[in-house]
file structure_25.tsv (TSV, C-alpha atoms and all ligand atoms)
chain	number	residue	atom	x	y	z
A	784	MET	CA	11.27	12.68	15.10
A	785	ALA	CA	13.72	15.46	15.96
A	786	THR	CA	14.76	17.99	13.33
A	787	ALA	CA	18.31	17.49	12.06
A	788	ILE	CA	18.45	20.12	9.31
A	789	ALA	CA	16.35	23.25	8.99
A	790	ALA	CA	16.54	25.23	5.75
A	791	ARG	CA	15.14	28.73	6.17
A	792	GLU	CA	14.15	30.90	3.21
A	793	LEU	CA	17.10	29.89	1.05
A	794	THR	CA	17.65	31.76	-2.20
A	795	LYS	CA	20.53	31.39	-4.64
A	796	TRP	CA	21.03	33.07	-7.98
A	797	PHE	CA	23.73	32.81	-10.62
A	798	GLY	CA	24.89	35.63	-12.92
A	799	GLU	CA	23.75	39.24	-12.98
A	800	GLY	CA	21.34	41.47	-14.94
A	801	GLU	CA	19.72	39.89	-18.00
A	802	ALA	CA	21.70	36.67	-17.48
A	803	ARG	CA	20.57	36.21	-13.90
A	804	THR	CA	19.06	32.80	-13.08
A	805	VAL	CA	17.39	32.21	-9.74
A	806	ALA	CA	18.28	28.56	-9.05
A	807	VAL	CA	16.68	28.29	-5.59
A	808	LYS	CA	13.83	30.58	-4.52
A	809	ASP	CA	12.82	31.07	-0.91
A	810	VAL	CA	13.08	27.41	0.04
A	811	SER	CA	12.27	26.33	3.61
A	812	PHE	CA	11.99	22.75	4.85
A	813	GLU	CA	13.09	20.48	7.64
A	814	ALA	CA	14.78	17.09	7.48
A	815	ARG	CA	14.48	14.83	10.48
A	816	LEU	CA	16.81	12.54	12.36
A	817	GLY	CA	16.55	8.96	11.12
A	818	GLU	CA	14.99	10.06	7.85
A	819	MET	CA	15.83	9.33	4.22
A	820	LEU	CA	14.55	12.36	2.30
A	821	TYR	CA	14.62	12.52	-1.50
A	822	ILE	CA	14.74	15.72	-3.51
A	823	VAL	CA	13.23	15.19	-6.97
A	824	GLY	CA	12.19	17.42	-9.85
A	825	PRO	CA	12.87	18.24	-13.49
A	826	SER	CA	16.33	19.08	-14.78
A	827	GLY	CA	17.28	22.62	-13.79
A	828	SER	CA	14.79	22.81	-10.92
A	829	GLY	CA	17.53	23.61	-8.38
A	830	LYS	CA	18.06	20.24	-6.68
A	831	THR	CA	21.86	20.12	-6.84
A	832	THR	CA	22.11	23.80	-5.94
A	833	LEU	CA	19.96	23.21	-2.85
A	834	LEU	CA	21.94	20.11	-1.87
A	835	SER	CA	25.19	22.04	-2.21
A	836	ILE	CA	23.90	24.86	0.00
A	837	ILE	CA	22.75	22.43	2.68
A	838	SER	CA	26.02	20.56	2.70
A	839	GLY	CA	28.16	23.66	3.11
A	840	ILE	CA	29.61	23.67	-0.41
A	841	LEU	CA	27.76	26.62	-1.97
A	842	ARG	CA	26.94	29.83	-0.09
A	843	PRO	CA	23.30	30.99	-0.43
A	844	ASP	CA	22.52	34.61	-1.29
A	845	GLN	CA	19.75	34.65	1.29
A	846	GLY	CA	18.55	32.42	4.08
A	847	ARG	CA	20.04	30.10	6.66
A	848	VAL	CA	20.83	26.42	7.19
A	849	LEU	CA	20.59	25.23	10.78
A	850	ILE	CA	22.12	21.89	11.70
A	851	ASP	CA	21.41	21.19	15.36
A	852	ASP	CA	22.50	24.47	16.95
A	853	THR	CA	24.90	25.47	14.19
A	854	ASP	CA	24.05	28.22	11.73
A	855	LEU	CA	26.12	26.75	8.89
A	856	TRP	CA	26.69	29.84	6.78
A	857	ALA	CA	27.51	32.02	9.79
A	858	LEU	CA	30.71	30.00	10.30
A	859	ASP	CA	34.00	31.37	8.98
A	860	SER	CA	35.64	29.30	6.23
A	861	ASN	CA	37.92	27.29	8.55
A	862	ALA	CA	35.10	26.47	10.94
A	863	LEU	CA	32.88	25.54	8.01
A	864	ALA	CA	35.51	23.16	6.58
A	865	GLU	CA	35.93	21.60	10.01
A	866	PHE	CA	32.16	21.29	10.48
A	867	ARG	CA	31.78	19.64	7.08
A	868	LEU	CA	34.58	17.18	7.80
A	869	ASN	CA	33.02	16.14	11.10
A	870	ASN	CA	29.32	16.19	10.26
A	871	ILE	CA	28.58	15.83	6.55
A	872	GLY	CA	29.43	13.05	4.10
A	873	PHE	CA	28.96	13.79	0.40
A	874	VAL	CA	28.69	11.23	-2.41
A	875	PHE	CA	29.01	12.80	-5.86
A	876	GLN	CA	27.32	11.50	-8.99
A	877	ASP	CA	30.61	10.52	-10.62
A	878	TYR	CA	32.22	9.29	-7.37
A	879	HIS	CA	35.25	11.65	-7.37
A	880	LEU	CA	37.70	8.89	-6.47
A	881	PHE	CA	41.42	9.56	-6.79
A	882	PRO	CA	42.77	7.27	-9.56
A	883	ARG	CA	46.33	7.05	-8.26
A	884	LEU	CA	45.33	5.98	-4.77
A	885	THR	CA	44.22	2.50	-3.78
A	886	THR	CA	40.63	1.92	-2.79
A	887	ALA	CA	41.60	1.82	0.90
A	888	GLU	CA	43.57	5.06	0.60
A	889	ASN	CA	40.58	6.75	-1.05
A	890	VAL	CA	38.37	5.71	1.85
A	891	ALA	CA	40.96	6.86	4.41
A	892	ILE	CA	41.11	10.45	3.09
A	893	PRO	CA	38.64	12.04	5.55
A	894	LEU	CA	40.50	10.44	8.47
A	895	LEU	CA	43.87	11.62	7.17
A	896	LEU	CA	42.39	15.12	6.87
A	897	LYS	CA	41.40	14.75	10.52
A	898	ARG	CA	45.07	13.97	11.24
A	899	TRP	CA	44.69	10.31	12.08
A	900	ASP	CA	47.99	8.54	11.67
A	901	TRP	CA	48.37	6.60	8.43
A	902	GLU	CA	48.26	3.02	9.83
A	903	ARG	CA	45.15	3.66	11.89
A	904	ALA	CA	43.36	5.47	9.05
A	905	ILE	CA	44.08	2.63	6.61
A	906	ALA	CA	42.94	0.03	9.15
A	907	GLU	CA	39.68	1.92	9.65
A	908	ALA	CA	39.26	2.24	5.87
A	909	HIS	CA	39.55	-1.56	5.61
A	910	ARG	CA	36.82	-1.90	8.21
A	911	TYR	CA	34.49	0.31	6.18
A	912	LEU	CA	35.35	-1.47	2.95
A	913	GLU	CA	34.21	-4.61	4.69
A	914	VAL	CA	30.94	-2.87	5.64
A	915	VAL	CA	30.27	-2.11	1.96
A	916	GLY	CA	31.33	-5.62	0.91
A	917	LEU	CA	34.63	-4.69	-0.75
A	918	ARG	CA	37.25	-5.98	1.64
A	919	ASN	CA	39.05	-7.87	-1.11
A	920	ARG	CA	39.31	-4.76	-3.31
A	921	ALA	CA	41.24	-2.65	-0.79
A	922	GLU	CA	44.58	-2.66	-2.59
A	923	LEU	CA	43.23	-2.06	-6.11
A	924	PRO	CA	43.01	1.32	-7.82
A	925	PRO	CA	39.41	2.47	-8.45
A	926	VAL	CA	39.69	1.93	-12.24
A	927	LYS	CA	39.83	-1.81	-11.62
A	928	LEU	CA	36.40	-1.70	-9.97
A	929	SER	CA	32.94	-1.78	-11.55
A	930	GLY	CA	30.67	1.29	-11.39
A	931	GLY	CA	28.64	-0.19	-8.55
A	932	GLU	CA	31.81	-1.03	-6.63
A	933	GLN	CA	33.18	2.49	-7.13
A	934	GLN	CA	29.89	3.88	-5.85
A	935	ARG	CA	30.25	1.73	-2.73
A	936	VAL	CA	33.82	3.01	-2.25
A	937	ALA	CA	32.47	6.57	-2.44
A	938	ILE	CA	29.85	5.65	0.17
A	939	ALA	CA	32.48	4.06	2.44
A	940	ARG	CA	34.55	7.25	2.17
A	941	ALA	CA	31.52	9.39	2.97
A	942	ILE	CA	30.66	7.43	6.12
A	943	VAL	CA	34.14	6.57	7.43
A	944	SER	CA	34.21	9.55	9.75
A	945	GLN	CA	30.67	8.75	10.91
A	946	PRO	CA	28.90	11.92	9.79
A	947	ASP	CA	25.36	12.57	11.02
A	948	ILE	CA	24.34	13.86	7.60
A	949	LEU	CA	24.89	11.98	4.38
A	950	VAL	CA	24.17	13.63	1.05
A	951	LEU	CA	24.02	11.71	-2.24
A	952	ASP	CA	23.69	13.46	-5.60
A	953	GLU	CA	22.14	11.15	-8.23
A	954	PRO	CA	23.68	8.03	-6.66
A	955	THR	CA	22.23	5.69	-9.28
A	956	ALA	CA	22.76	7.81	-12.41
A	957	SER	CA	25.77	5.86	-13.67
A	958	LEU	CA	24.52	2.43	-12.61
A	959	ASP	CA	22.21	-0.12	-14.16
A	960	GLY	CA	18.79	-0.46	-12.53
A	961	ASP	CA	19.51	-3.50	-10.38
A	962	THR	CA	22.84	-2.19	-9.09
A	963	GLY	CA	21.34	1.22	-8.34
A	964	LYS	CA	18.50	-0.32	-6.40
A	965	ARG	CA	20.90	-2.57	-4.48
A	966	ILE	CA	23.13	0.37	-3.50
A	967	VAL	CA	20.26	2.51	-2.23
A	968	THR	CA	18.75	-0.44	-0.36
A	969	PHE	CA	22.17	-0.97	1.21
A	970	VAL	CA	22.30	2.70	2.27
A	971	ARG	CA	18.81	2.43	3.76
A	972	GLU	CA	19.48	-0.82	5.64
A	973	GLN	CA	23.13	-0.44	6.67
A	974	VAL	CA	23.90	3.28	6.79
A	975	LEU	CA	20.70	4.98	7.95
A	976	ASN	CA	20.16	4.96	11.69
A	977	GLU	CA	18.26	7.06	14.21
A	978	ARG	CA	21.15	9.51	14.59
A	979	ARG	CA	21.55	10.09	10.84
A	980	THR	CA	19.75	11.98	8.11
A	981	ILE	CA	20.24	11.05	4.47
A	982	LEU	CA	19.38	13.41	1.60
A	983	ILE	CA	19.28	12.03	-1.93
A	984	VAL	CA	18.82	13.95	-5.17
A	985	THR	CA	17.49	11.61	-7.82
A	986	HIS	CA	15.55	11.26	-11.06
A	987	ASP	CA	15.32	7.53	-10.63
A	988	ALA	CA	11.75	6.43	-9.90
A	989	ARG	CA	12.95	2.84	-9.38
A	990	ILE	CA	14.41	3.83	-6.00
A	991	PHE	CA	11.51	5.98	-4.75
A	992	ASP	CA	10.23	3.17	-2.55
A	993	CYS	CA	13.34	3.48	-0.32
A	994	ALA	CA	12.44	7.06	0.73
A	995	ASP	CA	10.67	8.13	3.91
A	996	ARG	CA	9.59	11.35	2.20
A	997	ILE	CA	9.95	12.76	-1.29
A	998	MET	CA	10.27	16.51	-1.73
A	999	HIS	CA	9.34	17.82	-5.19
A	1000	MET	CA	10.99	20.90	-6.67
A	1001	GLU	CA	10.05	22.90	-9.74
A	1002	ASP	CA	11.66	26.08	-10.95
A	1003	GLY	CA	13.68	26.59	-7.75
A	1004	ARG	CA	10.76	26.11	-5.38
A	1005	ILE	CA	9.33	23.28	-3.31
A	1006	VAL	CA	6.01	22.29	-4.83
A	1007	GLY	CA	5.07	19.46	-2.48
A	1008	PHE	CA	5.95	16.47	-0.35
A	1009	GLU	CA	4.78	12.91	-0.58
A	1010	LYS	CA	5.34	10.01	1.71
A	1011	GLY	CA	7.66	7.27	0.45
A	1012	ALA	CA	7.13	3.57	1.09
A	1013	PRO	CA	10.27	2.20	2.72
B	1	LIG	N1	27.41	27.47	-11.52
B	1	LIG	C1	26.31	27.89	-12.16
B	1	LIG	N2	26.33	29.00	-12.92
B	1	LIG	C2	25.23	29.47	-13.57
B	1	LIG	N3	24.02	28.86	-13.49
B	1	LIG	C3	23.92	27.74	-12.75
B	1	LIG	C4	25.06	27.20	-12.06
B	1	LIG	N4	24.66	26.07	-11.38
B	1	LIG	C5	23.35	25.94	-11.66
B	1	LIG	N5	22.91	26.93	-12.48
B	1	LIG	C6	21.52	27.10	-12.97
B	1	LIG	O1	20.65	27.02	-11.86
B	1	LIG	C7	19.50	26.25	-12.17
B	1	LIG	C8	19.36	25.07	-11.25
B	1	LIG	O2	20.43	24.16	-11.49
B	1	LIG	P1	20.64	22.81	-10.67
B	1	LIG	O3	21.88	22.17	-11.18
B	1	LIG	O4	20.55	23.08	-9.22
B	1	LIG	O5	19.36	21.97	-11.11
B	1	LIG	P2	19.05	20.44	-10.94
B	1	LIG	O6	17.62	20.36	-10.57
B	1	LIG	O7	20.04	19.82	-10.04
B	1	LIG	O8	19.26	19.91	-12.43
B	1	LIG	P3	19.75	18.47	-12.97
B	1	LIG	O9	18.69	17.51	-12.55
B	1	LIG	O10	19.79	18.67	-14.46
B	1	LIG	O11	21.08	18.20	-12.36
B	1	LIG	C9	19.61	25.89	-13.65
B	1	LIG	O12	18.91	26.82	-14.40
B	1	LIG	C10	21.11	25.98	-13.90
B	1	LIG	O13	21.35	26.32	-15.23

call {"tool": "encode", "arguments": {"input": "structure_25.tsv", "output": "structure tokens"}}
result
Amino acid sequence: MATAIAARELTKWFGEGEARTVAVKDVSFEARLGEMLYIVGPSGSGKTTLLSIISGILRPDQGRVLIDDTDLWALDSNALAEFRLNNIGFVFQDYHLFPRLTTAENVAIPLLLKRWDWERAIAEAHRYLEVVGLRNRAELPPVKLSGGEQQRVAIARAIVSQPDILVLDEPTASLDGDTGKRIVTFVREQVLNERRTILIVTHDARIFDCADRIMHMEDGRIVGFEKGAP
């Protein structure tokens, strides 16, 4: 399998002097095309910090992230924003949906940012809502949806612009066990393909069997990999 993401000697610290915490220490790994890779570890082990660095949200203090031929953190801020918009979809733990917009409008946001005209963006959003099984919720505001449905809206929004990299931070944290498992199985079966790489930070052992590989972190470092059982 080809490499999609290469993390090279990433280090990130917060604060200075006595208060300095090293959140990620000299982390190197590769994620492959067509792979679902989990990042697991105790609270405070640096998982979210690492995910944020890899997805272009948080600048590392040292090291590089290579995505295909692009050295992510060598891009200027405009190029980085553009790269993120075109290549990386991010699903946050608490969904980050806009309450005053309809479900379809929420899903259309990345396309509107890419300057699609309104009608076309909304039509495409409807198509993706159908993919995640929510076609009949398109005109509702997110508050009218269940947690699992909101999570699926967030996934539709993250994939609507067809990014090669999809990043999910604790996607099942706010869901009951069955719903969480269903959502991750959906991502594995309907969203993963040979041109995509999916990274998932999770504590949830009930979804481990959907992973291709599980990367364990402790105290800011990678302490091992195990094979999943998809
Ligand atoms: N913005 C910040 N300012 C200061 N310290 C931070 C900041 N973000 C993270 N940290 C610290 O960096 C370390 C790693 O945090 P991180 O959130 O990456 O861990 P995590 O493994 O994702 O934890 P959790 O599973 O609890 O979400 C922790 O010690 C945390 O307190």

call {"tool": "residues_around", "arguments": {"input": "structure_25.tsv", "residues": "Ala785 in chain A", "least_positions_apart": "3", "cutoff": "10 Å", "atoms": "only C-alpha atoms", "output": "ChimeraX atom specification"}}
result
/A:788,813-818,851,977-978

call {"tool": "closest_residue", "arguments": {"input": "structure_25.tsv", "among": "A:Glu1009, A:Asp809, A:Asp961, A:Glu922", "to": "Arg996 in chain A", "atoms": "only C-alpha atoms"}}
result
A:Glu1009

call {"tool": "residues_near_ligand", "arguments": {"input": "structure_25.tsv", "ligand": "ligand LIG 1 (chain B)", "cutoff": "7 Å", "atoms": "all atoms listed in the file", "output": "ChimeraX atom specification"}}
result
/A:797-798,804-806,824-833,1003

call {"tool": "closest_residue", "arguments": {"input": "structure_25.tsv", "among": "A:Ala891, A:Val967, A:Ile822, A:Leu928", "to": "Ala941 in chain A", "atoms": "only C-alpha atoms"}}
result
A:Ala891

call {"tool": "residues_around", "arguments": {"input": "structure_25.tsv", "residues": "Val810 in chain A", "least_positions_apart": "4", "cutoff": "9 Å", "atoms": "all atoms listed in the file", "output": "compact mmCIF listing (two decimals) with C-alpha atoms, in the coordinates of the input"}}
result
# COMPACT_ATOMS: atom_id res chain seq x y z
CA ALA A 790 16.54 25.23 5.75
CA ARG A 791 15.14 28.73 6.17
CA GLU A 792 14.15 30.90 3.21
CA LEU A 793 17.10 29.89 1.05
CA THR A 794 17.65 31.76 -2.20
CA LEU A 833 19.96 23.21 -2.85
CA GLY A 846 18.55 32.42 4.08
CA GLY A 1003 13.68 26.59 -7.75
CA ARG A 1004 10.76 26.11 -5.38
CA ILE A 1005 9.33 23.28 -3.31

call {"tool": "residues_around", "arguments": {"input": "structure_25.tsv", "residues": "Trp901 in chain A", "least_positions_apart": "5", "cutoff": "10 Å", "atoms": "only C-alpha atoms", "output": "mmCIF file with C-alpha atoms, keeping the file's coordinate frame"}}
result
data_model
loop_
_atom_site.group_PDB
_atom_site.id
_atom_site.type_symbol
_atom_site.label_atom_id
_atom_site.label_comp_id
_atom_site.auth_asym_id
_atom_site.auth_seq_id
_atom_site.Cartn_x
_atom_site.Cartn_y
_atom_site.Cartn_z
ATOM 1 C CA GLU A 888 43.570 5.060 0.600
ATOM 2 C CA ALA A 891 40.960 6.860 4.410
ATOM 3 C CA ILE A 892 41.110 10.450 3.090
ATOM 4 C CA LEU A 894 40.500 10.440 8.470
ATOM 5 C CA LEU A 895 43.870 11.620 7.170
ATOM 6 C CA ALA A 906 42.940 0.030 9.150
ATOM 7 C CA GLU A 907 39.680 1.920 9.650
#

call {"tool": "closest_residue", "arguments": {"input": "structure_25.tsv", "among": "A:Met998, A:Leu958, A:Ala864, A:Leu923", "to": "Pro893 in chain A", "atoms": "only C-alpha atoms"}}
result
A:Ala864

call {"tool": "atom_distance", "arguments": {"input": "structure_25.tsv", "atom1": "CA of Ala937 in chain A", "atom2": "CA of Val848 in chain A"}}
result
24.9 Å

call {"tool": "atom_distance", "arguments": {"input": "structure_25.tsv", "atom1": "CA of Leu820 in chain A", "atom2": "CA of Lys795 in chain A"}}
result
21.1 Å

call {"tool": "decode", "arguments": {"input": "structure_25.tsv", "residues": "range 800-814 of chain A", "atoms": "C-alpha atoms", "output": "mmCIF file, in the first residue's frame"}}
result
data_model
loop_
_atom_site.group_PDB
_atom_site.id
_atom_site.type_symbol
_atom_site.label_atom_id
_atom_site.label_comp_id
_atom_site.auth_asym_id
_atom_site.auth_seq_id
_atom_site.Cartn_x
_atom_site.Cartn_y
_atom_site.Cartn_z
ATOM 1 C CA GLY A 800 9.549 27.239 31.615
ATOM 2 C CA GLU A 801 8.182 25.338 34.616
ATOM 3 C CA ALA A 802 4.725 25.157 33.030
ATOM 4 C CA ARG A 803 5.960 23.601 29.806
ATOM 5 C CA THR A 804 4.194 20.388 28.742
ATOM 6 C CA VAL A 805 5.529 18.347 25.865
ATOM 7 C CA ALA A 806 2.320 17.003 24.296
ATOM 8 C CA VAL A 807 3.917 15.171 21.340
ATOM 9 C CA LYS A 808 7.529 13.960 21.455
ATOM 10 C CA ASP A 809 9.484 13.021 18.368
ATOM 11 C CA VAL A 810 6.659 11.130 16.694
ATOM 12 C CA SER A 811 7.234 9.508 13.291
ATOM 13 C CA PHE A 812 4.826 7.179 11.495
ATOM 14 C CA GLU A 813 3.240 6.558 8.142
ATOM 15 C CA ALA A 814 -0.411 6.116 7.234
#
